[in-house]
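Notes for the one structure printed next.
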Amino acid sequence: GLARAHGGRRYRLGVMGGTFDPIHHGHLVAASEVAARFGLDEVVFVPTGVPWQKKGRHVSQAEDRYLMTVIATASNPSFSVSRVDIDRAGDTYTVDTLKDLRRERGNDVDLFFITGADALTQILTWRGAEELFDLAHFIGVSRPGVPLGAKDISHLPAGKVTLLEVPAMAISSTDCRRRVHHGMPIWYLVPDGIVQYINKRGLYSEPDYSEDH
Ligand code: ATP
Ligand code: MG
């Protein structure tokens with residue numbers, strides 16, 4: 001893997017989970033911003049297996065989402081991609097993601113789970129919520145339309161959760177899929193290689209994608 005802890009300092013590993021259908025510049029900016037602010041040594045992007053929150057809509061094959069994540073992150077020496085979620089059978093739960101990464105990377109690594117501030121407020125409804133805060137520090141990044149102050153994190157354990165504002169980027173995968181479906185451009189919303197990969201594989205052309213999911 002990448003570098004271990006330097007100078008006696010513990011290795012700081014950011015974990016960015018997502019469906020990445022497709023990965024876009026909102027994800028990349030958020031990871032880059034959190035890495036800078038929290039002094040992370042690396043951010044590992046973890047495409048989900050079966051996103052249980054997204055049942056009922058068509059999700060692209062795991063292998064396509066994995067490859068797009070690799071293409072988008074390949075040029076950044078601090079970014080990597082993990083297959084732990086797509087190689088695990090069954091639904092993806094964050095508690096399993098963090099346990100697998102902990103197992104792979106060892107106990108000298110501090111984990112920082114990066115998630116949208118909107119998702120963070122639902123965190124206590126996640127499976128294994130009691131365990132989550134022992135496994136990682138949680139960083140909720142604000143998305144456009146989700147003002148930081150409005151987020152009530154008072155019910156979450158003190159010192160285990162930080163909210164961070166990232167440069168506002170009104171980019172979502174849903175919007176990218178809809179744009180592709182309707183023949184609208186996604187240039188500059190996603191890395192160039194992702195535009196080309198989507199075209200090459202013909203992603204998001206099925207009728208299903210014309211819907212607002
Ligand atoms: P969808 O529209 O299909 O829900 P998405 O754009 O939210 O997709 P996900 O793969 O669901 O993308 O997101 C992975 C993580 O990235 C989530 O924690 C999400 O909150 C966060 N995220 C998504 N878009 C942005 C953005 N523009 N800025 C900051 N964080 C984002
Ligand atoms: Mg989302």
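Labels for the structure tokens follow display order: chains A, B, ..., residues from 1 in each chain, ligands from 1.
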Could you pull out the strand (DSSP E or B) residues of segment 43-90 of chain A, going by DSSP on the backbone, and write them as a short mmCIF file (atom, residue, chain, number, x, y, z; two decimals) with N, CA, C and O atoms, in the first residue's frame?
data_model
loop_
_atom_site.label_atom_id
_atom_site.label_comp_id
_atom_site.auth_asym_id
_atom_site.auth_seq_id
_atom_site.Cartn_x
_atom_site.Cartn_y
_atom_site.Cartn_z
N VAL A 43 -6.51 9.73 1.05
CA VAL A 43 -7.97 9.52 1.07
C VAL A 43 -8.27 8.31 0.20
O VAL A 43 -7.88 8.28 -0.98
N VAL A 44 -8.92 7.32 0.79
CA VAL A 44 -9.31 6.15 0.01
C VAL A 44 -10.79 6.26 -0.34
O VAL A 44 -11.64 6.49 0.52
N PHE A 45 -11.08 6.19 -1.64
CA PHE A 45 -12.45 6.22 -2.14
C PHE A 45 -12.97 4.79 -2.15
O PHE A 45 -12.29 3.88 -2.62
N VAL A 46 -14.18 4.60 -1.61
CA VAL A 46 -14.71 3.24 -1.48
C VAL A 46 -16.09 3.17 -2.16
O VAL A 46 -17.10 3.53 -1.55
N PRO A 47 -16.11 2.73 -3.42
CA PRO A 47 -17.41 2.58 -4.08
C PRO A 47 -18.25 1.50 -3.38
O PRO A 47 -17.72 0.45 -3.00
N VAL A 50 -23.92 -2.96 -3.03
CA VAL A 50 -25.34 -2.68 -3.23
C VAL A 50 -25.73 -1.55 -2.28
O VAL A 50 -25.74 -1.75 -1.08
N PHE A 79 -4.65 10.03 -3.37
CA PHE A 79 -5.96 9.38 -3.51
C PHE A 79 -5.76 7.92 -3.91
O PHE A 79 -4.88 7.60 -4.71
N SER A 80 -6.59 7.05 -3.34
CA SER A 80 -6.57 5.65 -3.74
C SER A 80 -8.00 5.13 -3.76
O SER A 80 -8.93 5.84 -3.39
N VAL A 81 -8.19 3.91 -4.23
CA VAL A 81 -9.52 3.31 -4.33
C VAL A 81 -9.48 1.92 -3.71
O VAL A 81 -8.52 1.18 -3.90
#
Can you tell me which residues surround Val190 of chain A at a distance of at most 10 Å, considering only C-alpha atoms, apart from same-chain residues fewer than 2 positions away, and format the answer as an NGL selection string? :A and (22-28 or 72 or 171-173 or 176 or 186-188 or 192-195)
Could those selected residues go to a file with C-alpha atoms, as a compact mmCIF listing (two decimals), in the first residue's frame?
# COMPACT_ATOMS: atom_id res chain seq x y z
CA PRO A 22 -20.70 8.67 -11.56
CA ILE A 23 -17.90 10.21 -9.43
CA HIS A 24 -17.87 14.01 -9.96
CA HIS A 25 -15.86 17.10 -9.01
CA GLY A 26 -17.98 17.63 -5.86
CA HIS A 27 -16.58 14.36 -4.45
CA LEU A 28 -13.03 15.23 -5.49
CA ALA A 72 -10.92 10.11 -11.57
CA ILE A 171 -22.92 18.94 -8.57
CA SER A 172 -24.67 15.65 -7.87
CA SER A 173 -24.49 12.27 -9.54
CA CYS A 176 -25.01 14.13 -14.09
CA ILE A 186 -21.32 17.02 -18.21
CA TRP A 187 -17.93 18.39 -19.26
CA TYR A 188 -16.29 20.17 -16.27
CA ASP A 192 -12.66 14.42 -18.76
CA GLY A 193 -11.90 10.71 -18.47
CA ILE A 194 -15.30 10.15 -16.87
CA VAL A 195 -17.14 11.86 -19.75
With distances taken over only C-alpha atoms and all ligand atoms, which of A:Arg103, A:His155, A:Arg201, A:Arg143 is nearest to ligand 2? A:Arg143
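If you count only C-alpha atoms and ignore residues fewer than 4 places along the chain from Asp87 of chain A, what sits within 12 Å of it is A:Val46, A:Pro47, A:Thr48, A:Gly49, A:Val50, A:Ala62, A:Glu63, A:Tyr66, A:Ser82, A:Arg83, A:Asp91, A:Thr92, A:Asp96, A:Thr97, A:Asp100.
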What residues have any atom no more than 8 Å from ligand 1 when counting only C-alpha atoms and all ligand atoms, and can you list them as a ChimeraX atom specification? /A:16-27,29-30,47,114-119,140-144,166-175,213
Any chance you can output those residues with N, CA and C atoms as an mmCIF file, in the first residue's frame?
data_model
loop_
_atom_site.group_PDB
_atom_site.id
_atom_site.type_symbol
_atom_site.label_atom_id
_atom_site.label_comp_id
_atom_site.auth_asym_id
_atom_site.auth_seq_id
_atom_site.Cartn_x
_atom_site.Cartn_y
_atom_site.Cartn_z
ATOM 1 N N MET A 16 -13.703 7.946 1.904
ATOM 2 C CA MET A 16 -14.806 8.588 1.202
ATOM 3 C C MET A 16 -15.654 7.502 0.563
ATOM 4 N N GLY A 17 -16.758 7.175 1.222
ATOM 5 C CA GLY A 17 -17.660 6.165 0.662
ATOM 6 C C GLY A 17 -18.670 6.821 -0.254
ATOM 7 N N GLY A 18 -19.114 6.093 -1.252
ATOM 8 C CA GLY A 18 -20.137 6.654 -2.134
ATOM 9 C C GLY A 18 -20.541 5.671 -3.206
ATOM 10 N N THR A 19 -21.636 5.980 -3.851
ATOM 11 C CA THR A 19 -22.073 5.141 -4.969
ATOM 12 C C THR A 19 -21.217 5.447 -6.198
ATOM 13 N N PHE A 20 -20.817 6.731 -6.320
ATOM 14 C CA PHE A 20 -19.966 7.174 -7.423
ATOM 15 C C PHE A 20 -20.524 6.739 -8.779
ATOM 16 N N ASP A 21 -21.783 7.106 -9.003
ATOM 17 C CA ASP A 21 -22.511 6.699 -10.215
ATOM 18 C C ASP A 21 -23.040 7.923 -10.945
ATOM 19 N N PRO A 22 -22.166 8.785 -11.512
ATOM 20 C CA PRO A 22 -20.704 8.672 -11.558
ATOM 21 C C PRO A 22 -20.040 9.527 -10.468
ATOM 22 N N ILE A 23 -18.717 9.311 -10.270
ATOM 23 C CA ILE A 23 -17.905 10.211 -9.434
ATOM 24 C C ILE A 23 -17.851 11.574 -10.150
ATOM 25 N N HIS A 24 -17.867 12.670 -9.360
ATOM 26 C CA HIS A 24 -17.866 14.012 -9.961
ATOM 27 C C HIS A 24 -16.943 14.945 -9.164
ATOM 28 N N HIS A 25 -16.808 16.178 -9.639
ATOM 29 C CA HIS A 25 -15.858 17.098 -9.006
ATOM 30 C C HIS A 25 -16.282 17.514 -7.600
ATOM 31 N N GLY A 26 -17.558 17.379 -7.246
ATOM 32 C CA GLY A 26 -17.976 17.625 -5.864
ATOM 33 C C GLY A 26 -17.280 16.662 -4.919
ATOM 34 N N HIS A 27 -17.270 15.376 -5.272
ATOM 35 C CA HIS A 27 -16.581 14.363 -4.453
ATOM 36 C C HIS A 27 -15.096 14.674 -4.329
ATOM 37 N N VAL A 29 -13.405 17.532 -4.849
ATOM 38 C CA VAL A 29 -13.114 18.761 -4.100
ATOM 39 C C VAL A 29 -13.284 18.513 -2.601
ATOM 40 N N ALA A 30 -14.347 17.807 -2.229
ATOM 41 C CA ALA A 30 -14.587 17.523 -0.807
ATOM 42 C C ALA A 30 -13.419 16.732 -0.219
ATOM 43 N N PRO A 47 -16.112 2.728 -3.423
ATOM 44 C CA PRO A 47 -17.415 2.576 -4.085
ATOM 45 C C PRO A 47 -18.246 1.503 -3.377
ATOM 46 N N ILE A 114 -15.498 10.551 5.650
ATOM 47 C CA ILE A 114 -16.003 11.787 5.046
ATOM 48 C C ILE A 114 -17.377 11.515 4.437
ATOM 49 N N THR A 115 -18.330 12.334 4.818
ATOM 50 C CA THR A 115 -19.677 12.125 4.289
ATOM 51 C C THR A 115 -20.403 13.460 4.170
ATOM 52 N N GLY A 116 -21.422 13.508 3.359
ATOM 53 C CA GLY A 116 -22.225 14.717 3.246
ATOM 54 C C GLY A 116 -22.893 15.018 4.575
ATOM 55 N N ALA A 117 -22.978 16.312 4.929
ATOM 56 C CA ALA A 117 -23.568 16.691 6.220
ATOM 57 C C ALA A 117 -25.010 16.204 6.324
ATOM 58 N N ASP A 118 -25.676 16.120 5.182
ATOM 59 C CA ASP A 118 -27.056 15.633 5.180
ATOM 60 C C ASP A 118 -27.117 14.181 5.667
ATOM 61 N N ALA A 119 -26.203 13.369 5.144
ATOM 62 C CA ALA A 119 -26.171 11.948 5.528
ATOM 63 C C ALA A 119 -25.764 11.782 6.989
ATOM 64 N N GLY A 140 -18.485 15.758 8.413
ATOM 65 C CA GLY A 140 -19.636 16.056 7.565
ATOM 66 C C GLY A 140 -19.348 17.271 6.718
ATOM 67 N N VAL A 141 -19.305 17.094 5.410
ATOM 68 C CA VAL A 141 -19.052 18.231 4.521
ATOM 69 C C VAL A 141 -20.381 18.800 4.054
ATOM 70 N N SER A 142 -20.450 20.143 4.032
ATOM 71 C CA SER A 142 -21.703 20.769 3.640
ATOM 72 C C SER A 142 -21.809 20.794 2.127
ATOM 73 N N ARG A 143 -23.012 20.492 1.662
ATOM 74 C CA ARG A 143 -23.286 20.553 0.236
ATOM 75 C C ARG A 143 -24.127 21.784 -0.018
ATOM 76 N N PRO A 144 -24.142 22.234 -1.258
ATOM 77 C CA PRO A 144 -24.992 23.378 -1.594
ATOM 78 C C PRO A 144 -26.427 23.110 -1.152
ATOM 79 N N VAL A 166 -17.191 22.999 2.450
ATOM 80 C CA VAL A 166 -16.319 22.887 1.275
ATOM 81 C C VAL A 166 -16.848 23.840 0.209
ATOM 82 N N PRO A 167 -15.948 24.252 -0.704
ATOM 83 C CA PRO A 167 -16.399 25.200 -1.725
ATOM 84 C C PRO A 167 -17.694 24.693 -2.359
ATOM 85 N N ALA A 168 -18.702 25.536 -2.389
ATOM 86 C CA ALA A 168 -20.019 25.121 -2.867
ATOM 87 C C ALA A 168 -19.936 24.591 -4.284
ATOM 88 N N MET A 169 -20.334 23.379 -4.462
ATOM 89 C CA MET A 169 -20.389 22.803 -5.802
ATOM 90 C C MET A 169 -21.734 22.126 -5.957
ATOM 91 N N ALA A 170 -22.572 22.746 -6.784
ATOM 92 C CA ALA A 170 -23.923 22.210 -6.969
ATOM 93 C C ALA A 170 -23.899 21.055 -7.964
ATOM 94 N N ILE A 171 -23.043 20.091 -7.676
ATOM 95 C CA ILE A 171 -22.919 18.936 -8.567
ATOM 96 C C ILE A 171 -23.410 17.710 -7.820
ATOM 97 N N SER A 172 -24.269 16.933 -8.448
ATOM 98 C CA SER A 172 -24.669 15.652 -7.870
ATOM 99 C C SER A 172 -24.634 14.602 -8.973
ATOM 100 N N SER A 173 -24.474 13.358 -8.569
ATOM 101 C CA SER A 173 -24.487 12.266 -9.542
ATOM 102 C C SER A 173 -25.840 12.187 -10.230
ATOM 103 N N THR A 174 -26.898 12.435 -9.450
ATOM 104 C CA THR A 174 -28.254 12.395 -10.022
ATOM 105 C C THR A 174 -28.360 13.354 -11.198
ATOM 106 N N ASP A 175 -27.853 14.578 -11.000
ATOM 107 C CA ASP A 175 -27.921 15.575 -12.067
ATOM 108 C C ASP A 175 -27.057 15.153 -13.256
ATOM 109 N N HIS A 213 -34.296 10.560 -9.439
ATOM 110 C CA HIS A 213 -34.107 9.657 -8.292
ATOM 111 C C HIS A 213 -33.247 10.341 -7.251
#
Identify, with DSSP run on backbone atoms, the residues in segment 86-181 of chain A assigned to helix (DSSP H, G or I), and express the list as number ranges by chain. A: 86-87, 94-105, 117-120, 123-125, 129-135, 148-150, 173-181
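Each of A:Val15, A:Val180, A:Leu120, A:Ile198 was checked against Leu163 of chain A using only C-alpha atoms; the smallest atom-to-atom distance is that of A:Leu120.
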Report the distance between atom CA of Val95 of chain A and atom CA of Trp126 of chain A in Å, rounded to one decimal place. 8.5 Å
Contacts of Pro77 of chain A within 10 Å, only C-alpha atoms, excl. fewer than 3 positions in-chain, as a ChimeraX atom specification: /A:2,41-43,73-74,80
Go through A:His58, A:Arg127, A:Arg88, A:Arg105 one by one, measure the shortest atom-to-atom distance of each to Arg10 of chain A using only C-alpha atoms, and give the residue with the smallest value. A:Arg105
Please measure the separation of atom CA of Gly202 of chain A and atom CA of Arg177 of chain A, giving the value in Å to one decimal. 11.4 Å
List as an MDAnalysis selection string the protein and nucleic acid residues near Leu98 of chain A, meaning an atom at most 12 Å away when only C-alpha atoms are counted, but skip any in the same chain fewer than 6 places from it. chainID A and resid 13:17 44 46 82 84:85 92 104:107 109:114 128:129 131:138
Got time to write the residues from that selection, C-alpha atoms, as a PDB file, in the first residue's frame?
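After the write, result.pdb holds the following:
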ATOM      1  CA  LEU A  13      -6.498   7.936   6.401  1.00  0.00           C
ATOM      2  CA  GLY A  14      -9.594   9.610   4.988  1.00  0.00           C
ATOM      3  CA  VAL A  15     -12.392   7.325   3.846  1.00  0.00           C
ATOM      4  CA  MET A  16     -14.806   8.588   1.202  1.00  0.00           C
ATOM      5  CA  GLY A  17     -17.660   6.165   0.662  1.00  0.00           C
ATOM      6  CA  VAL A  44      -9.311   6.149   0.015  1.00  0.00           C
ATOM      7  CA  VAL A  46     -14.713   3.242  -1.484  1.00  0.00           C
ATOM      8  CA  SER A  82     -10.577   0.283  -2.306  1.00  0.00           C
ATOM      9  CA  VAL A  84     -13.685  -3.757   0.067  1.00  0.00           C
ATOM     10  CA  ASP A  85     -17.341  -2.836  -0.411  1.00  0.00           C
ATOM     11  CA  THR A  92     -22.966  -2.169   2.096  1.00  0.00           C
ATOM     12  CA  GLU A 104      -6.239  -4.144   6.129  1.00  0.00           C
ATOM     13  CA  ARG A 105      -4.348  -1.079   7.358  1.00  0.00           C
ATOM     14  CA  GLY A 106      -3.671  -2.097  10.953  1.00  0.00           C
ATOM     15  CA  ASN A 107      -4.111  -0.324  14.272  1.00  0.00           C
ATOM     16  CA  VAL A 109      -3.959   4.215  11.343  1.00  0.00           C
ATOM     17  CA  ASP A 110      -6.567   6.823  12.312  1.00  0.00           C
ATOM     18  CA  LEU A 111      -9.672   6.720  10.134  1.00  0.00           C
ATOM     19  CA  PHE A 112     -11.608   9.841   9.091  1.00  0.00           C
ATOM     20  CA  PHE A 113     -14.910   9.047   7.443  1.00  0.00           C
ATOM     21  CA  ILE A 114     -16.003  11.787   5.046  1.00  0.00           C
ATOM     22  CA  GLY A 128     -23.920  -0.519  13.936  1.00  0.00           C
ATOM     23  CA  ALA A 129     -24.199   3.167  14.857  1.00  0.00           C
ATOM     24  CA  GLU A 131     -19.710   1.093  17.052  1.00  0.00           C
ATOM     25  CA  LEU A 132     -19.092   3.683  14.350  1.00  0.00           C
ATOM     26  CA  PHE A 133     -17.597   6.347  16.587  1.00  0.00           C
ATOM     27  CA  ASP A 134     -15.041   3.929  18.022  1.00  0.00           C
ATOM     28  CA  LEU A 135     -13.866   3.126  14.510  1.00  0.00           C
ATOM     29  CA  ALA A 136     -13.461   6.577  13.002  1.00  0.00           C
ATOM     30  CA  HIS A 137     -13.735  10.321  13.315  1.00  0.00           C
ATOM     31  CA  PHE A 138     -16.641  11.618  11.217  1.00  0.00           C
TER      32      PHE A 138
END
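Of note, atom CA of Leu101 of chain A and atom CA of Tyr11 of chain A are spaced 13.0 Å apart.
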